[in-house]
Every structure is written in structure tokens, then in C-alpha cells.
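Shown next: structure-v9.cif, containing mmCIF, C-alpha atoms and all ligand atoms.
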```cif
data_run
#
loop_
_atom_site.group_PDB
_atom_site.id
_atom_site.type_symbol
_atom_site.label_atom_id
_atom_site.label_comp_id
_atom_site.auth_asym_id
_atom_site.auth_seq_id
_atom_site.Cartn_x
_atom_site.Cartn_y
_atom_site.Cartn_z
ATOM 1 C CA MET A 249 15.617 11.018 -104.047
ATOM 2 C CA ARG A 250 15.868 9.233 -107.335
ATOM 3 C CA ARG A 251 12.837 9.547 -109.553
ATOM 4 C CA PHE A 252 11.878 6.773 -111.871
ATOM 5 C CA VAL A 253 10.991 7.497 -115.454
ATOM 6 C CA LYS A 254 7.402 7.078 -116.431
ATOM 7 C CA PRO A 255 6.406 3.516 -117.327
ATOM 8 C CA ARG A 256 6.436 2.940 -121.040
ATOM 9 C CA GLY A 257 3.520 1.971 -123.211
ATOM 10 C CA TRP A 258 3.557 -1.738 -122.620
ATOM 11 C CA LEU A 259 2.763 -1.156 -118.953
ATOM 12 C CA LEU A 260 -0.793 -0.362 -119.951
ATOM 13 C CA LEU A 261 -1.030 -3.878 -121.308
ATOM 14 C CA VAL A 262 0.391 -5.325 -118.102
ATOM 15 C CA VAL A 263 -2.012 -3.345 -115.914
ATOM 16 C CA GLY A 264 -4.827 -4.473 -118.141
ATOM 17 C CA ILE A 265 -3.830 -8.060 -117.526
ATOM 18 C CA LEU A 266 -3.382 -7.666 -113.796
ATOM 19 C CA GLY A 267 -6.277 -5.377 -112.958
ATOM 20 C CA CYS A 268 -6.156 -1.982 -111.267
ATOM 21 C CA ASN A 269 -5.037 -3.273 -107.876
ATOM 22 C CA GLY A 270 -2.020 -4.976 -109.357
ATOM 23 C CA SER A 271 -3.180 -8.438 -108.294
ATOM 24 C CA PHE A 272 -3.283 -11.349 -110.668
ATOM 25 C CA PRO A 273 -6.843 -12.255 -111.653
ATOM 26 C CA SER A 274 -8.155 -15.623 -110.574
ATOM 27 C CA GLY A 275 -6.889 -18.354 -112.830
ATOM 28 C CA SER A 276 -3.970 -16.371 -114.209
ATOM 29 C CA ALA A 277 -1.763 -16.401 -111.132
ATOM 30 C CA PRO A 278 1.394 -18.405 -111.545
ATOM 31 C CA SER A 279 0.610 -21.906 -110.337
ATOM 32 C CA SER A 280 3.784 -23.863 -110.959
ATOM 33 C CA ARG A 281 7.028 -23.068 -109.186
ATOM 34 C CA THR A 282 9.171 -23.196 -112.259
ATOM 35 C CA SER A 283 9.178 -19.788 -113.886
ATOM 36 C CA ASN A 284 8.109 -16.185 -113.571
ATOM 37 C CA ALA A 285 6.991 -13.917 -116.371
ATOM 38 C CA VAL A 286 9.436 -11.702 -118.191
ATOM 39 C CA ILE A 287 7.748 -9.020 -120.202
ATOM 40 C CA SER A 288 9.269 -8.379 -123.594
ATOM 41 C CA ASP A 289 10.741 -4.916 -123.742
ATOM 42 C CA THR A 290 10.266 -2.661 -126.710
ATOM 43 C CA LYS A 291 12.863 0.041 -126.956
ATOM 44 C CA THR A 292 11.721 3.375 -128.185
ATOM 45 C CA ALA A 293 13.292 4.318 -131.459
ATOM 46 C CA GLY A 294 15.593 7.224 -130.976
ATOM 47 C CA ASP A 295 15.913 6.677 -127.236
ATOM 48 C CA ALA A 296 19.350 8.111 -126.520
ATOM 49 C CA SER A 297 20.007 5.590 -123.789
ATOM 50 C CA ALA A 298 18.587 2.595 -125.640
ATOM 51 C CA ASP A 299 22.012 1.401 -126.716
ATOM 52 C CA PHE A 300 22.977 1.156 -123.075
ATOM 53 C CA ALA A 301 20.134 -1.234 -122.305
ATOM 54 C CA GLY A 302 20.424 -4.975 -122.603
ATOM 55 C CA ALA A 303 18.292 -7.072 -124.914
ATOM 56 C CA LYS A 304 17.567 -10.172 -122.879
ATOM 57 C CA ALA A 305 17.917 -11.474 -119.344
ATOM 58 C CA GLY A 306 21.499 -12.204 -118.458
ATOM 59 C CA ASP A 307 23.113 -10.015 -121.112
ATOM 60 C CA GLU A 308 26.343 -8.634 -119.695
ATOM 61 C CA ARG A 309 28.243 -5.377 -119.802
ATOM 62 C CA GLU A 310 30.895 -3.696 -117.710
ATOM 63 C CA VAL A 311 30.727 -0.163 -116.333
ATOM 64 C CA ALA A 312 33.370 1.398 -114.081
ATOM 65 C CA GLY A 313 35.062 -1.981 -113.977
ATOM 66 C CA ILE A 314 31.910 -3.555 -112.529
ATOM 67 C CA LYS A 315 30.383 -6.483 -114.421
ATOM 68 C CA LEU A 316 26.609 -6.344 -114.675
ATOM 69 C CA CYS A 317 23.779 -8.584 -115.868
ATOM 70 C CA TRP A 318 20.612 -7.380 -117.561
ATOM 71 C CA CYS A 319 17.318 -7.801 -115.735
ATOM 72 C CA PRO A 320 14.361 -7.192 -118.064
ATOM 73 C CA PRO A 321 11.048 -5.715 -116.939
ATOM 74 C CA GLY A 322 8.646 -8.326 -115.661
ATOM 75 C CA ARG A 323 6.282 -9.483 -113.007
ATOM 76 C CA PHE A 324 6.832 -11.962 -110.234
ATOM 77 C CA ARG A 325 5.403 -13.222 -106.997
ATOM 78 C CA MET A 326 7.553 -11.884 -104.161
ATOM 79 C CA GLY A 327 7.832 -13.775 -100.871
ATOM 80 C CA SER A 328 7.336 -17.436 -100.073
ATOM 81 C CA PRO A 329 4.305 -19.721 -100.279
ATOM 82 C CA PRO A 330 2.793 -20.961 -96.996
ATOM 83 C CA ASP A 331 4.219 -24.447 -97.474
ATOM 84 C CA GLU A 332 7.850 -23.403 -97.990
ATOM 85 C CA PRO A 333 9.981 -25.002 -95.248
ATOM 86 C CA GLU A 334 11.467 -22.533 -92.743
ATOM 87 C CA ARG A 335 9.518 -19.587 -94.109
ATOM 88 C CA ARG A 336 8.930 -16.575 -91.863
ATOM 89 C CA PRO A 337 5.728 -14.530 -91.315
ATOM 90 C CA ASP A 338 7.136 -11.450 -93.033
ATOM 91 C CA GLU A 339 7.401 -13.326 -96.324
ATOM 92 C CA THR A 340 3.677 -13.308 -97.140
ATOM 93 C CA GLN A 341 3.479 -13.224 -100.906
ATOM 94 C CA VAL A 342 2.611 -10.174 -102.987
ATOM 95 C CA ASP A 343 2.502 -9.687 -106.737
ATOM 96 C CA VAL A 344 5.015 -7.248 -108.159
ATOM 97 C CA ILE A 345 5.398 -5.627 -111.561
ATOM 98 C CA LEU A 346 8.748 -4.093 -112.409
ATOM 99 C CA THR A 347 8.213 -1.782 -115.353
ATOM 100 C CA GLN A 348 11.805 -0.620 -115.398
ATOM 101 C CA ASP A 349 14.539 -2.889 -116.660
ATOM 102 C CA PHE A 350 17.895 -2.532 -114.945
ATOM 103 C CA TRP A 351 21.462 -3.756 -114.756
ATOM 104 C CA MET A 352 22.494 -5.634 -111.609
ATOM 105 C CA GLY A 353 25.997 -6.346 -110.386
ATOM 106 C CA LYS A 354 27.055 -9.818 -111.439
ATOM 107 C CA TYR A 355 28.984 -10.043 -108.170
ATOM 108 C CA GLU A 356 28.938 -8.428 -104.757
ATOM 109 C CA VAL A 357 30.989 -5.194 -104.765
ATOM 110 C CA THR A 358 34.586 -6.168 -104.127
ATOM 111 C CA GLN A 359 37.301 -4.626 -102.017
ATOM 112 C CA GLY A 360 39.272 -3.905 -105.181
ATOM 113 C CA GLN A 361 36.356 -1.974 -106.690
ATOM 114 C CA TRP A 362 35.839 -0.022 -103.483
ATOM 115 C CA LYS A 363 39.491 1.000 -103.247
ATOM 116 C CA ARG A 364 39.586 2.051 -106.888
ATOM 117 C CA ILE A 365 36.338 4.048 -106.806
ATOM 118 C CA VAL A 366 36.117 5.380 -103.236
ATOM 119 C CA GLY A 367 39.475 4.823 -101.513
ATOM 120 C CA ASN A 368 40.101 3.293 -98.110
ATOM 121 C CA LEU A 369 37.856 0.415 -97.139
ATOM 122 C CA PRO A 370 34.864 1.561 -95.074
ATOM 123 C CA GLY A 371 35.559 -0.717 -92.110
ATOM 124 C CA PRO A 372 38.031 -3.185 -90.714
ATOM 125 C CA LEU A 373 38.849 -6.573 -92.149
ATOM 126 C CA THR A 374 38.414 -9.599 -89.916
ATOM 127 C CA ALA A 375 39.482 -13.223 -89.754
ATOM 128 C CA GLU A 376 36.231 -14.080 -91.552
ATOM 129 C CA LEU A 377 36.528 -11.192 -94.031
ATOM 130 C CA PRO A 378 40.154 -11.310 -95.176
ATOM 131 C CA ALA A 379 41.825 -8.844 -97.510
ATOM 132 C CA GLY A 380 41.622 -9.523 -101.221
ATOM 133 C CA GLU A 381 40.857 -7.568 -104.365
ATOM 134 C CA ASP A 382 38.177 -10.103 -105.308
ATOM 135 C CA PHE A 383 36.745 -10.505 -101.836
ATOM 136 C CA PRO A 384 33.535 -8.632 -101.043
ATOM 137 C CA VAL A 385 33.432 -5.335 -99.185
ATOM 138 C CA GLY A 386 31.997 -5.784 -95.697
ATOM 139 C CA ASN A 387 31.730 -3.654 -92.578
ATOM 140 C CA VAL A 388 30.015 -1.014 -94.715
ATOM 141 C CA ASN A 389 27.010 0.919 -93.487
ATOM 142 C CA TYR A 390 24.093 1.985 -95.650
ATOM 143 C CA ALA A 391 25.225 5.573 -96.226
ATOM 144 C CA GLU A 392 28.656 4.396 -97.288
ATOM 145 C CA ALA A 393 27.131 1.950 -99.748
ATOM 146 C CA GLU A 394 25.113 4.856 -101.160
ATOM 147 C CA THR A 395 28.302 6.891 -101.407
ATOM 148 C CA PHE A 396 29.889 4.151 -103.476
ATOM 149 C CA CYS A 397 26.947 4.273 -105.894
ATOM 150 C CA ARG A 398 27.048 8.072 -106.152
ATOM 151 C CA THR A 399 30.790 8.163 -106.637
ATOM 152 C CA ALA A 400 30.680 5.443 -109.285
ATOM 153 C CA THR A 401 27.962 7.361 -111.123
ATOM 154 C CA GLU A 402 30.006 10.579 -111.104
ATOM 155 C CA LEU A 403 33.127 8.728 -112.209
ATOM 156 C CA VAL A 404 31.578 7.145 -115.257
ATOM 157 C CA ARG A 405 29.627 10.277 -116.129
ATOM 158 C CA GLN A 406 32.953 12.024 -116.527
ATOM 159 C CA SER A 407 34.363 9.232 -118.651
ATOM 160 C CA GLY A 408 31.246 9.061 -120.799
ATOM 161 C CA ASP A 409 30.654 5.397 -120.048
ATOM 162 C CA LEU A 410 27.263 5.997 -118.419
ATOM 163 C CA PRO A 411 24.634 7.812 -120.503
ATOM 164 C CA ALA A 412 22.334 10.413 -119.005
ATOM 165 C CA GLY A 413 19.263 8.885 -117.467
ATOM 166 C CA TRP A 414 21.052 5.983 -115.815
ATOM 167 C CA GLU A 415 22.570 5.818 -112.314
ATOM 168 C CA PHE A 416 24.212 3.370 -109.959
ATOM 169 C CA TRP A 417 22.133 2.711 -106.883
ATOM 170 C CA LEU A 418 21.335 0.027 -104.348
ATOM 171 C CA PRO A 419 18.597 -2.358 -105.481
ATOM 172 C CA THR A 420 15.141 -2.046 -104.055
ATOM 173 C CA GLU A 421 14.043 -5.093 -102.121
ATOM 174 C CA ALA A 422 11.781 -6.050 -105.030
ATOM 175 C CA GLN A 423 14.581 -5.677 -107.583
ATOM 176 C CA TRP A 424 16.834 -7.773 -105.393
ATOM 177 C CA GLU A 425 14.391 -10.668 -105.037
ATOM 178 C CA TYR A 426 13.389 -10.484 -108.714
ATOM 179 C CA ALA A 427 17.031 -10.778 -109.748
ATOM 180 C CA CYS A 428 17.738 -13.456 -107.142
ATOM 181 C CA ARG A 429 14.855 -15.571 -108.418
ATOM 182 C CA ALA A 430 15.854 -14.924 -112.041
ATOM 183 C CA GLY A 431 12.633 -16.444 -113.269
ATOM 184 C CA THR A 432 12.442 -19.231 -110.674
ATOM 185 C CA LYS A 433 9.632 -19.737 -108.216
ATOM 186 C CA THR A 434 11.366 -22.294 -106.036
ATOM 187 C CA ALA A 435 12.764 -21.546 -102.585
ATOM 188 C CA THR A 436 16.155 -20.788 -104.134
ATOM 189 C CA ALA A 437 17.323 -20.117 -107.654
ATOM 190 C CA PHE A 438 18.751 -23.637 -107.624
ATOM 191 C CA GLY A 439 15.551 -25.399 -106.577
ATOM 192 C CA ASP A 440 13.680 -26.183 -103.370
ATOM 193 C CA ASN A 441 16.756 -27.120 -101.407
ATOM 194 C CA LEU A 442 20.273 -25.711 -101.113
ATOM 195 C CA SER A 443 23.660 -27.251 -100.431
ATOM 196 C CA SER A 444 26.762 -25.389 -99.316
ATOM 197 C CA LYS A 445 28.305 -26.752 -102.499
ATOM 198 C CA GLN A 446 26.029 -24.264 -104.300
ATOM 199 C CA ALA A 447 26.506 -21.217 -102.060
ATOM 200 C CA ASN A 448 28.794 -20.040 -99.282
ATOM 201 C CA PHE A 449 26.927 -20.633 -96.027
ATOM 202 C CA GLN A 450 27.474 -22.703 -92.899
ATOM 203 C CA GLY A 451 27.263 -26.291 -93.913
ATOM 204 C CA LYS A 452 23.807 -27.152 -92.551
ATOM 205 C CA PRO A 453 21.924 -27.674 -95.818
ATOM 206 C CA TYR A 454 18.444 -26.419 -96.537
ATOM 207 C CA ASN A 455 15.538 -28.819 -96.939
ATOM 208 C CA GLY A 456 17.424 -32.057 -97.367
ATOM 209 C CA ALA A 457 20.141 -30.929 -99.767
ATOM 210 C CA GLU A 458 23.512 -32.615 -99.861
ATOM 211 C CA LYS A 459 25.845 -31.513 -97.107
ATOM 212 C CA GLY A 460 28.789 -29.443 -98.273
ATOM 213 C CA PRO A 461 31.705 -27.531 -96.762
ATOM 214 C CA SER A 462 31.519 -24.991 -93.925
ATOM 215 C CA LEU A 463 34.119 -22.361 -94.704
ATOM 216 C CA ASN A 464 32.836 -19.956 -92.013
ATOM 217 C CA ARG A 465 34.388 -17.039 -93.877
ATOM 218 C CA ALA A 466 33.956 -14.958 -97.017
ATOM 219 C CA THR A 467 35.209 -16.255 -100.332
ATOM 220 C CA LYS A 468 36.217 -14.528 -103.547
ATOM 221 C CA VAL A 469 33.078 -13.402 -105.336
ATOM 222 C CA GLY A 470 31.937 -15.757 -108.063
ATOM 223 C CA SER A 471 33.320 -18.868 -106.393
ATOM 224 C CA TYR A 472 29.903 -20.567 -106.585
ATOM 225 C CA PRO A 473 27.534 -21.149 -109.527
ATOM 226 C CA ALA A 474 25.583 -18.307 -111.108
ATOM 227 C CA ASN A 475 21.797 -18.169 -111.133
ATOM 228 C CA PRO A 476 19.924 -18.316 -114.484
ATOM 229 C CA TRP A 477 20.589 -14.628 -115.160
ATOM 230 C CA GLY A 478 24.324 -14.912 -114.517
ATOM 231 C CA LEU A 479 24.347 -13.480 -110.990
ATOM 232 C CA HIS A 480 26.661 -15.028 -108.413
ATOM 233 C CA ASP A 481 26.339 -15.216 -104.642
ATOM 234 C CA MET A 482 22.762 -13.948 -104.434
ATOM 235 C CA HIS A 483 22.565 -16.837 -102.001
ATOM 236 C CA GLY A 484 25.276 -16.631 -99.379
ATOM 237 C CA ASN A 485 28.792 -15.245 -99.066
ATOM 238 C CA ILE A 486 28.079 -11.705 -97.839
ATOM 239 C CA CYS A 487 24.604 -10.385 -97.006
ATOM 240 C CA GLU A 488 23.500 -7.432 -99.154
ATOM 241 C CA TRP A 489 21.984 -4.043 -98.325
ATOM 242 C CA CYS A 490 18.798 -3.144 -100.119
ATOM 243 C CA ARG A 491 17.462 0.344 -100.666
ATOM 244 C CA ASP A 492 14.156 -0.034 -98.797
ATOM 245 C CA TRP A 493 13.276 0.560 -95.180
ATOM 246 C CA TYR A 494 12.112 -2.678 -93.589
ATOM 247 C CA HIS A 495 8.350 -3.147 -93.531
ATOM 248 C CA ALA A 496 6.906 -6.273 -91.937
ATOM 249 C CA LYS A 497 4.640 -6.592 -94.966
ATOM 250 C CA LEU A 498 6.362 -7.009 -98.307
ATOM 251 C CA PRO A 499 5.878 -4.187 -100.789
ATOM 252 C CA GLY A 500 3.815 -5.246 -103.783
ATOM 253 C CA GLY A 501 2.367 -3.529 -106.828
ATOM 254 C CA VAL A 502 4.158 -1.565 -109.515
ATOM 255 C CA ASP A 503 7.819 -0.676 -109.002
ATOM 256 C CA PRO A 504 7.674 -0.778 -105.192
ATOM 257 C CA ASP A 505 10.330 1.421 -103.611
ATOM 258 C CA LEU A 506 10.133 1.978 -99.862
ATOM 259 C CA SER A 507 13.451 3.764 -99.581
ATOM 260 C CA SER A 508 11.786 6.939 -98.285
ATOM 261 C CA VAL A 509 8.958 5.334 -96.296
ATOM 262 C CA LYS A 510 9.970 4.270 -92.807
ATOM 263 C CA GLY A 511 8.256 1.030 -91.861
ATOM 264 C CA THR A 512 8.233 -1.282 -88.884
ATOM 265 C CA ARG A 513 9.897 0.073 -85.733
ATOM 266 C CA ASN A 514 12.510 -1.931 -83.910
ATOM 267 C CA ARG A 515 11.928 -2.542 -80.218
ATOM 268 C CA ASP A 516 14.133 0.411 -79.307
ATOM 269 C CA GLY A 517 12.181 2.753 -81.571
ATOM 270 C CA THR A 518 14.715 2.848 -84.390
ATOM 271 C CA PHE A 519 14.118 1.752 -87.974
ATOM 272 C CA SER A 520 15.996 -0.674 -90.156
ATOM 273 C CA ARG A 521 16.818 -1.067 -93.799
ATOM 274 C CA VAL A 522 16.478 -4.459 -95.462
ATOM 275 C CA ARG A 523 19.330 -6.813 -96.163
ATOM 276 C CA ARG A 524 19.057 -9.965 -98.207
ATOM 277 C CA GLY A 525 20.672 -13.170 -99.253
ATOM 278 C CA GLY A 526 22.198 -14.888 -96.213
ATOM 279 C CA THR A 527 25.879 -15.117 -95.346
ATOM 280 C CA TRP A 528 28.795 -17.412 -94.709
ATOM 281 C CA CYS A 529 27.766 -17.500 -91.032
ATOM 282 C CA ASP A 530 24.162 -18.599 -91.634
ATOM 283 C CA ASP A 531 22.729 -22.065 -92.030
ATOM 284 C CA GLY A 532 21.146 -22.920 -95.357
ATOM 285 C CA TRP A 533 17.583 -21.789 -94.685
ATOM 286 C CA PRO A 534 18.270 -18.011 -94.393
ATOM 287 C CA ASN A 535 19.724 -18.169 -97.893
ATOM 288 C CA ARG A 536 16.284 -18.694 -99.428
ATOM 289 C CA SER A 537 15.239 -16.183 -102.113
ATOM 290 C CA ALA A 538 12.411 -14.811 -99.930
ATOM 291 C CA PHE A 539 14.265 -14.527 -96.630
ATOM 292 C CA ARG A 540 14.418 -10.999 -95.251
ATOM 293 C CA GLN A 541 16.553 -9.447 -92.544
ATOM 294 C CA ARG A 542 16.608 -5.989 -91.044
ATOM 295 C CA PHE A 543 19.590 -3.891 -89.993
ATOM 296 C CA GLU A 544 19.850 -0.335 -88.745
ATOM 297 C CA PRO A 545 21.451 1.751 -91.505
ATOM 298 C CA GLU A 546 24.084 3.303 -89.236
ATOM 299 C CA ARG A 547 25.490 -0.047 -88.214
ATOM 300 C CA ARG A 548 28.055 -2.269 -89.907
ATOM 301 C CA TYR A 549 29.113 -5.897 -89.664
ATOM 302 C CA ASP A 550 31.764 -7.886 -91.464
ATOM 303 C CA HIS A 551 29.177 -10.174 -93.059
ATOM 304 C CA ILE A 552 27.088 -7.337 -94.537
ATOM 305 C CA GLY A 553 28.048 -5.844 -97.902
ATOM 306 C CA PHE A 554 26.123 -4.937 -101.050
ATOM 307 C CA ARG A 555 25.834 -5.110 -104.810
ATOM 308 C CA VAL A 556 24.811 -2.349 -107.166
ATOM 309 C CA VAL A 557 22.185 -1.845 -109.808
ATOM 310 C CA ILE A 558 22.183 0.659 -112.658
ATOM 311 C CA VAL A 559 18.660 1.963 -113.084
ATOM 312 C CA ARG A 560 16.887 4.386 -115.358
ATOM 313 C CA THR A 561 16.205 7.763 -113.769
ATOM 314 C CA ALA A 562 14.288 10.817 -114.884
ATOM 315 C CA SER A 563 17.252 13.100 -114.330
ATOM 316 C CA ASP A 564 20.733 13.121 -112.940
ATOM 317 C CA SER A 565 19.630 14.929 -109.797
ATOM 318 C CA ARG A 566 19.579 13.408 -106.369
ATOM 319 C CA ASP A 567 18.385 14.835 -103.073
HETATM 320 CA CA CA B 1 25.518 -12.452 -101.227
#
```
Do you think you could lay out the structure here as C-alpha cells?
Ligand SMILES: [Ca+2]
Amino acid sequence: MRRFVKPRGWLLLVVGILGCNGSFPSGSAPSSRTSNAVISDTKTAGDASADFAGAKAGDEREVAGIKLCWCPPGRFRMGSPPDEPERRPDETQVDVILTQDFWMGKYEVTQGQWKRIVGNLPGPLTAELPAGEDFPVGNVNYAEAETFCRTATELVRQSGDLPAGWEFWLPTEAQWEYACRAGTKTATAFGDNLSSKQANFQGKPYNGAEKGPSLNRATKVGSYPANPWGLHDMHGNICEWCRDWYHAKLPGGVDPDLSSVKGTRNRDGTFSRVRRGGTWCDDGWPNRSAFRQRFEPERRYDHIGFRVVIVRTASDSRD
């Protein structure tokens, strides 16, 4: 299992602000739905990997042919408020602090990237998921998505394009929602409603938005507007695997990572991982930033793919 590096000095300041239980003290909790807090990062002089880090939210770089956007450390309120239309009970809000900045894929992983890094596509194409270098990978199970991350890490280690202490991985659920929100507190990164002119989903708009097209299939990644940090298709197109096991209660606190903690059982006794973001075959409401879905890690579907993060790790070792 990946081990995170120890939080750096400024975390002490954050914990001091938030209190020992990680909750925001009365009066300091975010009250408007316009922005979340981004904590200014201070790179350690002499840090060998510092040059690899970004400077501000949305900075871009490319590694292994994968474009990435910088997500700074910060805190945010994960989940949806009680008055958000169409919200679900498993979205009860928690406060989260992410001490570790990270790179996140600007786009969903594409078929072209998969073929170049891993080889044959992991599952069949369909009428709704047609072939195309710039179309997302679908029909990929959780282990295969992990394999992509591991293989990409090894590839760029050899080429020297990825410094020690950084690895490709799937995002945690908290990282995913933090990046999806990109500083927003509204139901979506584009506001409190969503049109299928803004994201690839079935045409029924969310919360009174303008009606748009219903493609009922995947599109090339990046065909819809980016969120404030430069990330495309966090809402819609293909749904995205997260690293965590599904827990009915959202993980809060500091750097939550439930990838090794099995959570809520399915009716048949199995467990699911989390997937996020809605798809071309959903209506508008499941494309909200806080919407959560579960899926057993062994299974695959054409409308489920993933995007990568590059995170700081304590070592290059994995379990
Ligand atoms: Ca997506």
C-alpha cells in the first residue's frame, strides 16, 4: 500500500485552526457556496522533488503523455448540504483537509494512452463506447486501472520523467471531489444547476438548467468546458473509479484514504469501491460534485473508466 509522506510544517497551522477533531470551529465554517480554501504551499528548500510540483491551482504539466493539472493542498467541505436538490443520504457533509498537493489528470484516461502504456484495451468497445484514440477507456475493472497506474509509474521512472517520491495512482474519493469542486461549493463546478451543454449526460438537465443534447454515448475527452482548475469531464462522459472502498458515511478529516478499509457491505455480502462523476447514460442530477456510486471492483461496464493522479509517496515501494 502506498504510504503518504508526513504532513509538512504548515499542517500544524491548519490543525490549529480546525481543532483536534478536524472540524471547523463555530463561526469559521464556510458559509457561502462560492469558494473553498486553498492553503498556500511552501516548498522546502532543497526538496529534490520540489521542481516537479506545481505552484498554483491549475498549473499544467505532461508526464507519460498524460496532461495533468495541479491541485494544491487545502481544505474543503465534502458532500452536499441538506437543501441541495436530488441529494442522497450518503452525501452528509464532512470537513476534509488535504495536506498533500497532487497532480490530477486533465482528462479521463484515453484509449490511446492505454494502448501506448499497457497494450490491448481491457474490455470490449460498444456502440456507446466507440473506438478512438481520444475517447475514454471503459470496460476496465479496478485492478486493471491500478495496473495502468503502476505501469505508467514504472515507464516514466525509467525515462527519468518522474522523480522519486511521486507515483501515479487512482484518486482517493476526497481527492476526486476536491478536484471536481476546484474551489466551488455549489452543486457542480459550474453552479447550482447543470445543462448537457456543459457536460456529457442524458439531456434531462439538473435543477432547472437549459436543456441540451442527449448524445447517449461517450465523446472525445475534453469536448466540454473545463472546471476552474482546468479539469475536463469531472461531470459526465465516463464515470471514474476512485481508490476508496465505499463507506455509507463520507470519510472526513486529514488526508482520508479508505482504500484498505472495507466499508458498507452490498446486499450479497460483497464490497464495492467508489466511482464518481456521472456518465453519458445518466440524467443531470447524478453528475453533481457530491454524488457517489458504488461498484464491485471485479466488475466492468462500458460507462466506467478512470483518471489518474500523481501523488507524493514516502517511497517507491508498493504492496
Ligand atoms: Ca467523467
- Message: At a cut-off of 9 Å around the point (35.8, -15.3, -86.1) (file coordinates), what residues fall inside when counting all atoms listed in the file? I'd like the answer as an MDAnalysis selection string.
- Response: chainID A and resid 374:377 464:465
- Message: Which residues, named as in the file, does the PyMOL selection byres (((not hetatm)) within 6 of (chain B and resi 1)) pick out? Answer as a PyMOL selection string.
- Response: chain A and resi 481-488+525
Extending 3 Å beyond the listed atoms of region 381-390 of chain A on each side, what axis-aligned box results? I want centre and edge lengths in Å to one decimal, as AutoDock Vina command-line options.
```
--center_x 32.5 --center_y -4.3 --center_z -98.9 --size_x 22.8 --size_y 18.5 --size_z 18.7
```
- Task: Evaluate the PyMOL selection byres (((chain A and resi 526-543) around 7) and not hetatm) here and jot the selected residues down as a count of residues only.
- Result: 35
- So which residues touch region 399-415 of chain A within 6 Å, counting all atoms listed in the file, skipping near sequence neighbours fewer than 6 positions away, as number ranges by chain? A: 558-563
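When CA of Lys433 (chain A) is paired with CA of Gly470 (chain A), their separation reads 22.7 Å.
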- Query: What does the PyMOL selection byres (((chain A and resi 351) around 10) and not hetatm) select in this file, as a PyMOL selection string?
  - Reply: chain A and resi 300-302+305-310+315-320+349-350+352-354+414-416+419+427+556-560
- Could you jot down the CA of Arg491 (chain A) to CA of Ser508 (chain A) separation for me, Å, one decimal place?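 So the two atoms, CA of Arg491 (chain A) and CA of Ser508 (chain A), lie 9.0 Å apart.
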- Length of the CA of Thr347 (chain A) to CA of Phe324 (chain A) vector [Å]: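 Between these atoms lies a distance of 11.5 Å.
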- Could you give me, as a PyMOL selection string, the residues within 8 Å of Leu373 (chain A), counting only C-alpha atoms and dropping anything in the same chain fewer than 5 positions from it? chain A and resi 378-379+386-387+550
- Query: With only C-alpha atoms as the basis for distance, which of A:Ala496, A:Val469, A:Ala422, A:Ala298 is at the shortest distance from Ile345 (chain A)?
  - Reply: A:Ala422
